[in-house]
Every structure is written in structure tokens, then in C-alpha cells.
file target19.txt (compact mmCIF, C-alpha atoms)
# COMPACT_ATOMS: atom_id res chain seq x y z
CA MET A 188 -9.50 -2.39 1.91
CA LYS A 189 -7.05 -4.20 4.13
CA SER A 190 -8.66 -6.77 6.30
CA GLY A 191 -6.21 -9.64 6.38
CA PHE A 192 -6.77 -10.52 10.01
CA ARG A 193 -9.47 -10.47 12.66
CA LEU A 194 -9.59 -10.10 16.40
CA LEU A 195 -9.98 -13.35 18.26
CA PHE A 196 -13.30 -11.94 19.49
CA PRO A 197 -15.07 -10.69 16.33
CA LEU A 198 -16.97 -7.48 16.90
CA PRO A 199 -20.67 -7.19 15.99
CA ALA A 200 -21.65 -4.75 13.26
CA VAL A 201 -23.55 -2.30 15.42
CA LEU A 202 -23.64 1.47 15.54
CA THR A 203 -24.16 1.76 19.30
CA ALA A 204 -22.05 0.83 22.28
CA ALA A 205 -22.12 -2.73 23.59
CA VAL A 206 -20.53 -4.13 26.74
CA PHE A 207 -18.56 -7.39 26.61
CA LEU A 208 -17.06 -9.45 29.38
CA LEU A 209 -14.19 -11.32 27.78
CA PHE A 210 -14.02 -14.31 30.06
CA SER A 211 -10.78 -15.60 28.65
CA CYS A 212 -8.95 -12.50 29.83
CA ARG A 213 -11.34 -11.37 32.58
CA SER A 214 -11.40 -7.78 31.40
CA GLU A 215 -14.53 -5.76 30.82
CA SER A 216 -14.61 -3.64 27.67
CA VAL A 217 -16.97 -1.46 25.69
CA VAL A 218 -16.92 -1.39 21.90
CA TYR A 219 -18.26 1.28 19.54
CA SER A 220 -18.64 0.64 15.81
CA GLU A 221 -19.50 2.61 12.69
CA TRP A 222 -19.25 2.01 8.96
CA LEU A 223 -16.76 4.58 7.66
CA MET A 224 -14.12 4.71 4.92
CA GLY A 225 -15.94 1.86 3.19
CA THR A 226 -15.35 -0.57 6.03
CA HIS A 227 -16.30 -1.62 9.56
CA CYS A 228 -14.50 0.60 12.07
CA SER A 229 -14.51 -0.28 15.76
CA ILE A 230 -12.90 1.02 18.93
CA ARG A 231 -12.89 -1.10 22.07
CA PHE A 232 -12.28 0.77 25.33
CA TYR A 233 -10.97 -0.90 28.49
CA GLY A 234 -11.51 0.51 31.97
CA LYS A 235 -12.51 4.14 32.49
CA TYR A 236 -12.83 6.53 29.56
CA ASP A 237 -14.44 9.87 28.80
CA PRO A 238 -17.96 9.14 27.46
CA ARG A 239 -17.46 11.93 24.90
CA LEU A 240 -14.36 10.23 23.49
CA PRO A 241 -16.06 7.72 21.10
CA LYS A 242 -17.85 10.51 19.23
CA ARG A 243 -14.62 12.52 18.95
CA CYS A 244 -12.84 9.47 17.54
CA PHE A 245 -15.46 8.70 14.90
CA ASP A 246 -15.75 12.39 14.01
CA ALA A 247 -11.99 12.39 13.35
CA ILE A 248 -12.31 9.36 11.05
CA ARG A 249 -15.26 11.00 9.30
CA GLU A 250 -13.28 14.20 8.72
CA ILE A 251 -10.41 12.25 7.16
CA GLU A 252 -12.81 10.33 4.94
CA GLN A 253 -14.48 13.55 3.80
CA THR A 254 -11.04 14.94 2.95
CA ILE A 255 -9.41 12.04 1.10
CA SER A 256 -12.26 9.99 -0.39
CA ALA A 257 -11.66 9.23 -4.05
CA THR A 258 -15.34 8.40 -4.58
CA ASP A 259 -16.94 11.47 -2.94
CA PRO A 260 -16.94 14.12 -5.69
CA GLN A 261 -16.89 16.90 -3.07
CA SER A 262 -13.90 15.64 -1.08
CA GLU A 263 -10.73 17.71 -1.11
CA VAL A 264 -8.85 14.97 -2.96
CA SER A 265 -11.61 14.55 -5.56
CA LEU A 266 -11.65 18.30 -6.22
CA LEU A 267 -7.87 18.19 -6.60
CA ASN A 268 -8.19 15.28 -9.02
CA GLN A 269 -10.79 17.27 -10.97
CA GLY A 270 -8.25 20.05 -11.49
CA GLU A 271 -9.05 22.52 -8.72
CA MET A 272 -5.86 24.18 -7.46
CA HIS A 273 -5.82 25.56 -3.95
CA PRO A 274 -3.65 25.29 -0.80
CA PHE A 275 -4.06 21.96 0.95
CA SER A 276 -5.79 21.71 4.29
CA PRO A 277 -3.43 20.88 7.20
CA LEU A 278 -4.81 17.33 7.18
CA LEU A 279 -4.08 16.76 3.49
CA SER A 280 -0.71 18.50 3.82
CA GLU A 281 0.30 16.01 6.51
CA LEU A 282 -0.90 13.01 4.49
CA MET A 283 0.82 14.25 1.33
CA GLY A 284 4.09 14.62 3.24
CA ILE A 285 3.88 11.08 4.64
CA SER A 286 2.96 9.60 1.25
CA TYR A 287 5.65 11.44 -0.74
CA LYS A 288 8.32 10.38 1.75
CA ALA A 289 7.24 6.74 1.41
CA ALA A 290 7.10 6.95 -2.38
CA ALA A 291 10.72 8.13 -2.40
CA GLN A 292 11.80 5.48 0.11
CA PHE A 293 10.10 2.59 -1.69
CA ASP A 294 10.70 3.68 -5.26
CA GLY A 295 8.42 1.71 -7.59
CA LEU A 296 6.61 -0.14 -4.77
CA PHE A 297 4.27 2.55 -3.41
CA SER A 298 2.71 5.66 -4.87
CA PRO A 299 -0.30 7.82 -3.90
CA GLY A 300 -0.64 8.93 -7.54
CA LEU A 301 -2.27 5.81 -9.02
CA GLY A 302 -5.83 7.11 -8.97
CA ARG A 303 -6.20 6.90 -12.74
CA LEU A 304 -5.05 3.29 -12.71
CA THR A 305 -7.32 2.22 -9.85
CA ALA A 306 -10.26 3.87 -11.58
CA LEU A 307 -9.30 2.16 -14.86
CA TRP A 308 -9.30 -1.28 -13.23
CA GLY A 309 -12.56 -0.47 -11.43
CA PHE A 310 -11.73 -2.10 -8.10
CA SER A 311 -13.74 0.53 -6.24
CA GLY A 312 -16.85 -0.19 -8.29
CA GLU A 313 -19.06 -3.18 -8.94
CA ALA A 314 -17.68 -4.11 -12.37
CA PRO A 315 -13.87 -4.36 -12.31
CA ARG A 316 -12.20 -5.28 -15.60
CA LYS A 317 -8.82 -5.88 -17.18
CA PRO A 318 -7.96 -2.77 -19.21
CA ALA A 319 -6.21 -2.90 -22.56
CA ASP A 320 -2.43 -2.51 -22.51
CA ASP A 321 -2.60 0.88 -24.24
CA GLU A 322 -5.05 2.14 -21.59
CA ILE A 323 -2.68 1.01 -18.84
CA ALA A 324 0.30 2.64 -20.58
CA GLU A 325 -1.55 5.96 -20.85
CA ALA A 326 -2.66 5.86 -17.20
CA LEU A 327 0.91 5.07 -16.15
CA ARG A 328 2.21 8.00 -18.21
CA LEU A 329 -0.13 10.27 -16.29
CA SER A 330 0.73 8.81 -12.88
CA VAL A 331 3.97 10.69 -12.28
CA LEU A 332 3.88 12.54 -8.96
CA PRO A 333 4.25 16.32 -9.33
CA PRO A 334 6.70 18.16 -7.05
CA LEU A 335 5.26 19.58 -3.85
CA LYS A 336 5.38 23.28 -3.10
CA ARG A 337 6.33 23.66 0.55
CA ALA A 338 4.90 26.03 3.10
CA GLY A 339 7.08 27.99 5.52
CA ASN A 340 6.92 25.27 8.16
CA GLY A 341 8.15 22.63 5.69
CA THR A 342 4.81 20.94 5.12
CA ALA A 343 3.22 20.55 1.70
CA ALA A 344 1.09 23.60 0.87
CA ALA A 345 0.02 23.08 -2.73
CA PHE A 346 1.28 22.09 -6.16
CA GLY A 347 3.08 24.63 -8.25
CA GLU A 348 1.34 23.33 -11.35
CA LYS A 349 -1.74 21.26 -12.09
CA PRO A 350 -0.91 17.56 -11.56
CA LEU A 351 -1.56 15.10 -14.37
CA CYS A 352 -2.00 12.22 -11.93
CA ALA A 353 -5.03 11.47 -9.78
CA PHE A 354 -4.50 10.75 -6.09
CA ASP A 355 -5.71 7.68 -4.25
CA PHE A 356 -4.76 7.21 -0.59
CA GLY A 357 -6.32 3.77 -0.20
CA ALA A 358 -2.96 2.25 0.84
CA VAL A 359 -2.43 4.69 3.72
CA GLY A 360 -5.76 6.32 4.59
CA LYS A 361 -7.02 3.88 7.23
CA GLY A 362 -3.63 3.75 8.95
CA PHE A 363 -3.54 7.55 8.91
CA ALA A 364 -7.03 7.65 10.44
CA SER A 365 -6.03 5.15 13.13
CA ASP A 366 -3.19 7.50 14.11
CA ALA A 367 -5.71 10.31 14.60
CA VAL A 368 -7.85 8.07 16.82
CA LYS A 369 -4.82 6.94 18.80
CA ARG A 370 -3.82 10.55 19.50
CA LEU A 371 -7.28 11.30 20.87
CA CYS A 372 -7.20 8.18 23.06
CA LYS A 373 -3.77 9.02 24.47
CA GLU A 374 -4.80 12.62 25.19
CA ALA A 375 -7.76 11.21 27.16
CA ASN A 376 -5.60 8.55 28.91
CA ALA A 377 -7.84 5.83 27.48
CA VAL A 378 -6.81 2.21 26.91
CA ALA A 379 -8.17 1.07 23.58
CA LEU A 380 -7.99 -1.38 20.70
CA ILE A 381 -8.57 0.38 17.36
CA ASN A 382 -9.61 -1.66 14.32
CA LEU A 383 -10.29 0.25 11.11
CA GLY A 384 -11.07 -2.37 8.50
CA GLY A 385 -8.21 -4.55 9.72
CA ASN A 386 -5.73 -1.75 10.42
CA ILE A 387 -5.19 -2.28 14.14
CA GLN A 388 -3.59 -0.14 16.81
CA THR A 389 -3.28 -0.88 20.51
CA VAL A 390 -3.24 2.03 22.95
CA GLY A 391 -1.85 1.56 26.45
CA GLU A 392 -1.79 -1.61 28.54
CA LYS A 393 -4.80 -3.79 29.37
CA PRO A 394 -6.01 -3.11 32.94
CA ASN A 395 -5.58 -6.78 33.85
CA GLY A 396 -1.97 -6.80 32.65
CA GLU A 397 -2.52 -9.46 29.99
CA PRO A 398 -1.18 -9.03 26.42
CA TRP A 399 -3.20 -7.98 23.43
CA ILE A 400 -4.16 -11.10 21.45
CA ILE A 401 -4.65 -10.65 17.71
CA SER A 402 -5.40 -13.43 15.25
CA VAL A 403 -3.80 -13.50 11.80
CA GLN A 404 -6.24 -14.59 9.11
CA SER A 405 -5.66 -17.20 6.43
CA PRO A 406 -5.78 -15.80 2.88
CA LEU A 407 -7.20 -19.10 1.65
CA THR A 408 -10.67 -18.51 3.11
CA VAL A 409 -13.25 -15.74 3.03
CA GLY A 410 -14.14 -15.99 6.72
CA PRO A 411 -11.93 -15.34 9.76
CA VAL A 412 -9.93 -18.59 9.85
CA SER A 413 -6.80 -18.08 11.95
CA VAL A 414 -3.29 -19.23 11.01
CA GLY A 415 -1.81 -18.03 14.30
CA THR A 416 -1.91 -15.38 16.99
CA LEU A 417 0.14 -12.35 17.93
CA GLN A 418 0.69 -11.61 21.61
CA LEU A 419 1.64 -7.96 22.06
CA ARG A 420 2.31 -5.75 25.06
CA GLY A 421 2.13 -1.98 24.90
CA GLU A 422 1.38 0.07 21.81
CA TRP A 423 1.55 -1.51 18.36
CA SER A 424 0.33 -1.07 14.80
CA VAL A 425 -0.68 -4.07 12.66
CA SER A 426 -1.61 -4.05 8.97
CA THR A 427 -2.06 -6.73 6.28
CA SER A 428 -2.05 -6.53 2.49
CA GLY A 429 -3.10 -9.48 0.36
CA ASP A 430 -4.33 -10.65 -3.03
CA TYR A 431 -7.54 -12.10 -1.57
CA GLN A 432 -9.28 -8.91 -0.43
CA LYS A 433 -10.37 -7.37 -3.75
CA PHE A 434 -10.01 -9.41 -6.93
CA PHE A 435 -11.78 -10.78 -9.96
CA TYR A 436 -11.24 -13.48 -12.57
CA GLU A 437 -11.18 -12.92 -16.31
CA ASP A 438 -10.48 -15.74 -18.76
CA GLY A 439 -9.40 -17.89 -15.82
CA VAL A 440 -6.78 -15.39 -14.62
CA LYS A 441 -6.99 -13.78 -11.18
CA TYR A 442 -6.47 -10.00 -10.93
CA HIS A 443 -6.15 -8.37 -7.50
CA HIS A 444 -6.27 -4.72 -6.42
CA ILE A 445 -2.64 -4.07 -5.36
CA LEU A 446 -1.29 -2.40 -8.50
CA SER A 447 2.37 -1.94 -9.33
CA PRO A 448 3.43 1.70 -9.94
CA LYS A 449 5.93 0.26 -12.45
CA THR A 450 3.68 -1.93 -14.60
CA GLY A 451 0.21 -0.59 -13.86
CA LYS A 452 -0.92 -4.18 -13.35
CA PRO A 453 -1.58 -6.28 -10.23
CA THR A 454 1.66 -6.96 -8.40
CA ASP A 455 3.00 -10.48 -8.98
CA SER A 456 5.31 -11.03 -6.01
CA GLY A 457 4.61 -14.67 -5.22
CA LEU A 458 2.79 -13.70 -2.02
CA ARG A 459 -0.80 -14.13 -0.96
CA SER A 460 -0.41 -11.75 1.98
CA VAL A 461 2.05 -9.97 4.24
CA THR A 462 1.27 -8.79 7.77
CA VAL A 463 3.36 -6.00 9.28
CA VAL A 464 3.64 -5.60 13.07
CA SER A 465 5.48 -2.53 14.34
CA ARG A 466 5.64 0.21 16.93
CA ARG A 467 5.68 2.73 14.10
CA SER A 468 2.72 4.89 13.15
CA GLY A 469 -0.40 3.36 11.69
CA ALA A 470 0.18 5.25 8.44
CA GLU A 471 3.73 3.92 8.05
CA THR A 472 2.69 0.37 8.95
CA ASP A 473 -0.16 0.58 6.42
CA ILE A 474 2.25 1.71 3.71
CA LEU A 475 4.79 -0.96 4.64
CA SER A 476 2.28 -3.77 4.15
CA THR A 477 1.60 -2.57 0.59
CA ALA A 478 5.23 -1.87 -0.34
CA LEU A 479 6.60 -5.11 1.13
CA PHE A 480 3.84 -7.18 -0.47
CA ALA A 481 4.92 -5.71 -3.80
CA ALA A 482 8.60 -6.32 -3.01
CA GLY A 483 8.08 -10.04 -2.45
CA GLU A 484 9.37 -12.22 0.37
CA LYS A 485 13.07 -12.22 -0.53
CA LYS A 486 13.48 -8.44 -0.82
CA ALA A 487 11.13 -7.79 2.11
CA SER A 488 13.17 -10.17 4.28
CA VAL A 489 16.36 -8.30 3.44
CA TRP A 490 14.63 -5.08 4.45
CA GLN A 491 13.38 -6.64 7.71
CA GLN A 492 16.86 -7.79 8.68
CA LYS A 493 17.86 -4.11 8.71
CA ASN A 494 14.66 -3.11 10.51
CA THR A 495 14.35 -5.61 13.34
CA ASP A 496 11.79 -3.45 15.14
CA VAL A 497 9.29 -4.79 12.57
CA THR A 498 7.81 -8.30 12.39
CA LEU A 499 6.70 -9.63 9.01
CA ILE A 500 4.42 -12.62 8.45
CA PHE A 501 4.47 -13.87 4.86
CA MET A 502 2.00 -16.28 3.28
CA SER A 503 3.09 -17.40 -0.16
CA GLN A 504 1.28 -18.76 -3.21
CA GLU A 505 3.04 -22.08 -2.47
CA ASN A 506 1.30 -22.23 0.96
CA ARG A 507 4.41 -21.39 2.93
CA LEU A 508 4.02 -19.30 6.09
CA THR A 509 7.17 -17.50 7.23
CA ALA A 510 7.22 -15.29 10.32
CA ALA A 511 10.27 -13.03 10.48
CA ALA A 512 10.01 -11.94 14.09
CA GLY A 513 11.22 -8.57 15.30
CA LYS A 514 11.96 -7.42 18.83
CA ASP A 515 9.32 -7.79 21.56
CA THR A 516 6.80 -9.68 19.42
CA LEU A 517 5.49 -13.20 19.72
CA PHE A 518 3.72 -15.03 16.90
CA THR A 519 2.36 -18.51 17.61
CA PRO A 520 1.24 -20.46 14.52
CA ILE A 521 -1.73 -22.80 14.55
CA GLU A 522 -0.86 -26.22 13.17
CA SER A 523 -2.47 -26.66 9.77
CA SER A 524 -1.92 -28.98 6.85
CA HIS A 525 -2.34 -26.01 4.51
CA TRP A 526 0.89 -24.28 5.54
CA THR A 527 4.55 -25.14 5.82
CA THR A 528 5.63 -22.87 8.68
CA THR A 529 9.00 -21.28 9.44
CA ILE A 530 9.73 -18.93 12.34
CA ARG A 531 12.81 -16.70 12.11
CA THR A 532 14.03 -14.73 15.13
CA PRO A 533 16.36 -11.71 15.14

call {"tool": "encode", "arguments": {"input": "target19.txt", "output": "C-alpha cells"}}
result
Amino acid sequence: MKSGFRLLFPLPAVLTAAVFLLFSCRSESVVYSEWLMGTHCSIRFYGKYDPRLPKRCFDAIREIEQTISATDPQSEVSLLNQGEMHPFSPLLSELMGISYKAAAQFDGLFSPGLGRLTALWGFSGEAPRKPADDEIAEALRLSVLPPLKRAGNGTAAAFGEKPLCAFDFGAVGKGFASDAVKRLCKEANAVALINLGGNIQTVGEKPNGEPWIISVQSPLTVGPVSVGTLQLRGEWSVSTSGDYQKFFYEDGVKYHHILSPKTGKPTDSGLRSVTVVSRRSGAETDILSTALFAAGEKKASVWQQKNTDVTLIFMSQENRLTAAAGKDTLFTPIESSHWTTTIRTP
């Protein structure tokens, strides 16, 4: 689960609509929330919207969860992992295509085929553990992505042979779901703030003309303690990956849930978290936060210098905060003795 930041106005965990008057920005909004994909999902609507739209949005998230869940034994992905061979649904075909493209682009930093490793470490359960090296080596051997068999329209249709790996879309699923919600909102001409477990998308412009204000959370605390705020105008995607979201200690050593496709062990990049802010899709932004966390600050900064449409906010294990700002973004840090802060502009 990626939940490295919070809104400045935390949303209540309710399953029905609630109306809020946000006095600081003088804009009335309505928020709907449900627990889906193992996390708190909320959509805040501003101004007029179709009253049928919230249900459509949450139904879309629910459909994606029922397709890609690695813990539901009847999901399409679970059946695939159990050895059933059949043509993919259009939804899974699209997600496979996105994930395979990213795996090729970020060789060794992202892979959707680490299901055996994540199950071995037990981060999705209640009793995670450090596996033996031979267990990790065997799971890695079986984590090679099989080639995709393409349909006539170029999308993934099925595998030509039974894959040895198990699929886990935890590093892209919520971003992918936020894209589906955003499409529905745009079709309905709705202005909305989408927050799926910390994967945020903004849709449209606030009716009062003020920017979207999003708070970036400190990885040093469990609660929503801010290290700074993003001020964004228009449509953006925001995602954070960090070592503080799912972890355990064994023999005094901390093990977190972001596993390296190269070593099969938790990534050791020197970072506590990285936040990605972009106008790209939610799925791509979600993937970027995982891949660039694994890359580490130096390599990720080199990548960002070639991709100035993306802002990266790094928080290191040495308590350094570095914001590598892209175009059209504004990050304002909050003064804190915990962080040595650097702001880089394009």
C-alpha cells in the first residue's frame, strides 16, 4: 500500500457521502469513501456532479480489485497464478501491457512477476518473515516474466505457455484504478480529487480557481505529519513509495515491502521515500514511485533531469529532503529540525 502523504484535510472513514465546507478555500465539496483494494478510497467532488457518478466510480474500482487481487482466490490474476490458461479480459490485457512496458523500461527496478517473492516474505499477511537465501533464490528463478502473446489489436491476449512466475500488481493497481475513476469523472464533466490509499489524482480545476493543496507526509512518523505542501493547478497524479508503509524487524534489522527484482530482498537505496508528481497517468506515476525508489536518489535525479515534466521529492535515511521540481509545480517545505532541505528547479 502506498500512503506516503495525506490531504491537508483528512477524510473521515465513512461509507456514505458527507458535505464539507472547506473554509480555508471557501469551496463546498462532497466526499464519498469506501474500503477497497485493502485501503481507504475516497473521491471528493466539487460543484455539480451526476449523483449516479460516485457509484459508477466505486464499481469501477471494485471490478479492478476483483480482477487483479492476489489474495482473492477467484480473481482473474489468482486463477492465472494457479495455472489456469485463458485469454485475458480487456482490463487485464491493458494492465499487462502497461506493466510489461514499464518492466522493460526500468530493467531490474520494477516487475509485475514478483508474486512468489511477495508471498514468501508474507507482507500481505499478518506474519511476515525473512526467508532463507535458498528460498529467495528459488523464488527469483521462477520470477522471470513470460513473453506475451498479442491479440490482433496489439494488446496482450494470453500467454503462449504456462508462466512460472506469479503476478502481483500491488505497485501499479491503485494508480491503474485511479485512471479508471478519472475517466469516468471527465466523461461526466465532474471536478474531483481522487485518493486511493495515497495515490492521488486531480480532475479539472477547483470552482473557486484556487490550486489543489496536497500535503507530503514525513516517513519518520506513523500519523499524517507534513514536511511540506504541493500547490497544483489542473490535472495531476501523485504517488509515494517508502520503507515505512509495510515493514517488520527481525534480529534488529528492518525489512520493508519494496522488493528488488534483482536480489529478491528489500531494496536498499538509501531512501526512506520518494514522491512522484506528474501529469502522466496514475498507473505510470504509481510505477515511477516504485522504480525510482529502488533506483536511489542519484540515479533517479539523472532520470528526472531528462524528464522535467516530473517532480520528485526524496527523503533519505540521513534525513535529507530534496525536491527536484519539474515544470508547473510548486513544493513548499515546512521548516523542521528533522530535515536538511534542498530545492532544485529545472

call {"tool": "closest_residue", "arguments": {"input": "target19.txt", "among": "A:Ala345, A:Ala358, A:Leu517, A:Leu371", "to": "Ile400 of chain A", "atoms": "only C-alpha atoms"}}
result
A:Leu517

call {"tool": "atom_distance", "arguments": {"input": "target19.txt", "atom1": "atom CA of Tyr219 of chain A", "atom2": "atom CA of Gln418 of chain A"}}
result
23.0 Å

call {"tool": "closest_atom_pairs", "arguments": {"input": "target19.txt", "of": "segment 384-437 of chain A", "to": "segment 447-468 of chain A", "cutoff": "10 Å", "atoms": "only C-alpha atoms", "output": "JSON lines"}}
result
{"residue": "A:Ile387", "atom": "CA", "partner": "A:Val464", "partner_atom": "CA", "distance": 9.5}
{"residue": "A:Gln388", "atom": "CA", "partner": "A:Ser468", "partner_atom": "CA", "distance": 8.9}
{"residue": "A:Thr389", "atom": "CA", "partner": "A:Arg466", "partner_atom": "CA", "distance": 9.7}
{"residue": "A:Val403", "atom": "CA", "partner": "A:Thr462", "partner_atom": "CA", "distance": 8.0}
{"residue": "A:Gln404", "atom": "CA", "partner": "A:Thr462", "partner_atom": "CA", "distance": 9.6}
{"residue": "A:Ser405", "atom": "CA", "partner": "A:Ser460", "partner_atom": "CA", "distance": 8.8}
{"residue": "A:Pro406", "atom": "CA", "partner": "A:Arg459", "partner_atom": "CA", "distance": 6.5}
{"residue": "A:Leu407", "atom": "CA", "partner": "A:Arg459", "partner_atom": "CA", "distance": 8.5}
{"residue": "A:Leu417", "atom": "CA", "partner": "A:Val464", "partner_atom": "CA", "distance": 9.0}
{"residue": "A:Leu419", "atom": "CA", "partner": "A:Val464", "partner_atom": "CA", "distance": 9.5}
{"residue": "A:Gly421", "atom": "CA", "partner": "A:Arg466", "partner_atom": "CA", "distance": 9.0}
{"residue": "A:Glu422", "atom": "CA", "partner": "A:Arg466", "partner_atom": "CA", "distance": 6.5}
{"residue": "A:Trp423", "atom": "CA", "partner": "A:Arg466", "partner_atom": "CA", "distance": 4.7}
{"residue": "A:Ser424", "atom": "CA", "partner": "A:Ser465", "partner_atom": "CA", "distance": 5.4}
{"residue": "A:Val425", "atom": "CA", "partner": "A:Val464", "partner_atom": "CA", "distance": 4.6}
{"residue": "A:Ser426", "atom": "CA", "partner": "A:Val463", "partner_atom": "CA", "distance": 5.3}
{"residue": "A:Thr427", "atom": "CA", "partner": "A:Thr462", "partner_atom": "CA", "distance": 4.2}
{"residue": "A:Ser428", "atom": "CA", "partner": "A:Ser460", "partner_atom": "CA", "distance": 5.5}
{"residue": "A:Gly429", "atom": "CA", "partner": "A:Ser460", "partner_atom": "CA", "distance": 3.9}
{"residue": "A:Asp430", "atom": "CA", "partner": "A:Arg459", "partner_atom": "CA", "distance": 5.4}
{"residue": "A:Tyr431", "atom": "CA", "partner": "A:Arg459", "partner_atom": "CA", "distance": 7.1}
{"residue": "A:Gln432", "atom": "CA", "partner": "A:Ser460", "partner_atom": "CA", "distance": 9.6}
{"residue": "A:Phe434", "atom": "CA", "partner": "A:Pro453", "partner_atom": "CA", "distance": 9.6}

call {"tool": "residues_around", "arguments": {"input": "target19.txt", "residues": "segment 299-316 of chain A", "least_positions_apart": "2", "cutoff": "9 Å", "atoms": "all atoms listed in the file", "output": "ChimeraX atom specification"}}
result
/A:257-258,268,283,286-287,290,297,318,322-323,326-327,329-332,352-359,433-437,442-444,446,448,451-452

call {"tool": "closest_residue", "arguments": {"input": "target19.txt", "among": "A:Ile530, A:Ala291, A:Ala482, A:Ala367", "to": "Thr498 of chain A", "atoms": "all atoms listed in the file"}}
result
A:Ile530

call {"tool": "closest_residue", "arguments": {"input": "target19.txt", "among": "A:Lys393, A:Ala247, A:Leu267, A:Asp496", "to": "Ala379 of chain A", "atoms": "only C-alpha atoms"}}
result
A:Lys393

call {"tool": "residues_around", "arguments": {"input": "target19.txt", "residues": "Pro241 of chain A", "least_positions_apart": "2", "cutoff": "10 Å", "atoms": "all atoms listed in the file", "output": "MDAnalysis selection string"}}
result
chainID A and resid 204 218:220 229:232 236:239 243:247 368 371:372

call {"tool": "atom_distance", "arguments": {"input": "target19.txt", "atom1": "atom CA of Glu271 of chain A", "atom2": "atom CA of Met224 of chain A"}}
result
23.0 Å

call {"tool": "atom_distance", "arguments": {"input": "target19.txt", "atom1": "atom CA of Thr226 of chain A", "atom2": "atom CA of Glu471 of chain A"}}
result
19.7 Å

call {"tool": "closest_residue", "arguments": {"input": "target19.txt", "among": "A:Leu282, A:Ile445, A:Leu380, A:Ala510", "to": "Gln491 of chain A", "atoms": "only C-alpha atoms"}}
result
A:Ala510

call {"tool": "closest_residue", "arguments": {"input": "target19.txt", "among": "A:Phe293, A:Val414, A:Lys369, A:Asn386", "to": "Ala487 of chain A", "atoms": "only C-alpha atoms"}}
result
A:Phe293

call {"tool": "closest_residue", "arguments": {"input": "target19.txt", "among": "A:Ile381, A:Ile255, A:Glu348, A:Val440", "to": "Val217 of chain A", "atoms": "all atoms listed in the file"}}
result
A:Ile381

call {"tool": "residues_around", "arguments": {"input": "target19.txt", "residues": "Pro350 of chain A", "least_positions_apart": "4", "cutoff": "8 Å", "atoms": "all atoms listed in the file", "output": "JSON, numbers by chain"}}
result
{"A": [270, 332, 333, 346]}

call {"tool": "write_last_selection", "arguments": {"input": "target19.txt", "atoms": "C-alpha atoms", "output": "short mmCIF file (atom, residue, chain, number, x, y, z; two decimals), in the coordinates of the input"}}
result
data_model
loop_
_atom_site.label_atom_id
_atom_site.label_comp_id
_atom_site.auth_asym_id
_atom_site.auth_seq_id
_atom_site.Cartn_x
_atom_site.Cartn_y
_atom_site.Cartn_z
CA GLY A 270 -8.25 20.05 -11.49
CA LEU A 332 3.88 12.54 -8.96
CA PRO A 333 4.25 16.32 -9.33
CA PHE A 346 1.28 22.09 -6.16
#

call {"tool": "residues_around", "arguments": {"input": "target19.txt", "residues": "Lys235 of chain A", "least_positions_apart": "6", "cutoff": "10 Å", "atoms": "all atoms listed in the file", "output": "PDB file with C-alpha atoms, in the coordinates of the input"}}
result
ATOM      1  CA  SER A 216     -14.610  -3.640  27.670  1.00  0.00           C
ATOM      2  CA  VAL A 217     -16.970  -1.460  25.690  1.00  0.00           C
ATOM      3  CA  ASN A 376      -5.600   8.550  28.910  1.00  0.00           C
ATOM      4  CA  ALA A 377      -7.840   5.830  27.480  1.00  0.00           C
ATOM      5  CA  VAL A 378      -6.810   2.210  26.910  1.00  0.00           C
ATOM      6  CA  PRO A 394      -6.010  -3.110  32.940  1.00  0.00           C
TER       7      PRO A 394
END

call {"tool": "build_atoms", "arguments": {"input": "target19.txt", "residues": "segment 381-395 of chain A", "atoms": "N, CA and C atoms", "output": "short mmCIF file (atom, residue, chain, number, x, y, z; two decimals), keeping the file's coordinate frame"}}
result
data_model
loop_
_atom_site.label_atom_id
_atom_site.label_comp_id
_atom_site.auth_asym_id
_atom_site.auth_seq_id
_atom_site.Cartn_x
_atom_site.Cartn_y
_atom_site.Cartn_z
N ILE A 381 -8.00 -0.28 18.54
CA ILE A 381 -8.57 0.38 17.36
C ILE A 381 -8.49 -0.57 16.18
N ASN A 382 -9.59 -0.76 15.48
CA ASN A 382 -9.61 -1.66 14.32
C ASN A 382 -10.39 -0.98 13.20
N LEU A 383 -9.67 -0.43 12.25
CA LEU A 383 -10.29 0.25 11.11
C LEU A 383 -10.13 -0.63 9.88
N GLY A 384 -11.11 -1.50 9.66
CA GLY A 384 -11.07 -2.37 8.50
C GLY A 384 -9.86 -3.28 8.48
N GLY A 385 -9.37 -3.68 9.67
CA GLY A 385 -8.21 -4.55 9.72
C GLY A 385 -6.91 -3.84 10.01
N ASN A 386 -6.90 -2.50 9.97
CA ASN A 386 -5.73 -1.75 10.42
C ASN A 386 -5.88 -1.55 11.92
N ILE A 387 -5.04 -2.24 12.69
CA ILE A 387 -5.19 -2.28 14.14
C ILE A 387 -4.12 -1.47 14.84
N GLN A 388 -4.54 -0.77 15.90
CA GLN A 388 -3.59 -0.14 16.81
C GLN A 388 -4.01 -0.44 18.24
N THR A 389 -3.03 -0.72 19.09
CA THR A 389 -3.28 -0.88 20.51
C THR A 389 -2.80 0.37 21.23
N VAL A 390 -3.57 0.80 22.22
CA VAL A 390 -3.24 2.03 22.95
C VAL A 390 -3.19 1.70 24.44
N GLY A 391 -2.00 1.82 25.03
CA GLY A 391 -1.85 1.56 26.45
C GLY A 391 -1.74 0.07 26.77
N GLU A 392 -1.87 -0.24 28.04
CA GLU A 392 -1.79 -1.61 28.54
C GLU A 392 -3.16 -2.04 29.07
N LYS A 393 -3.54 -3.29 28.83
CA LYS A 393 -4.80 -3.79 29.37
C LYS A 393 -4.80 -3.66 30.89
N PRO A 394 -5.95 -3.27 31.47
CA PRO A 394 -6.01 -3.11 32.94
C PRO A 394 -5.63 -4.36 33.71
N ASN A 395 -5.89 -5.54 33.13
CA ASN A 395 -5.58 -6.78 33.85
C ASN A 395 -4.14 -7.26 33.63
#
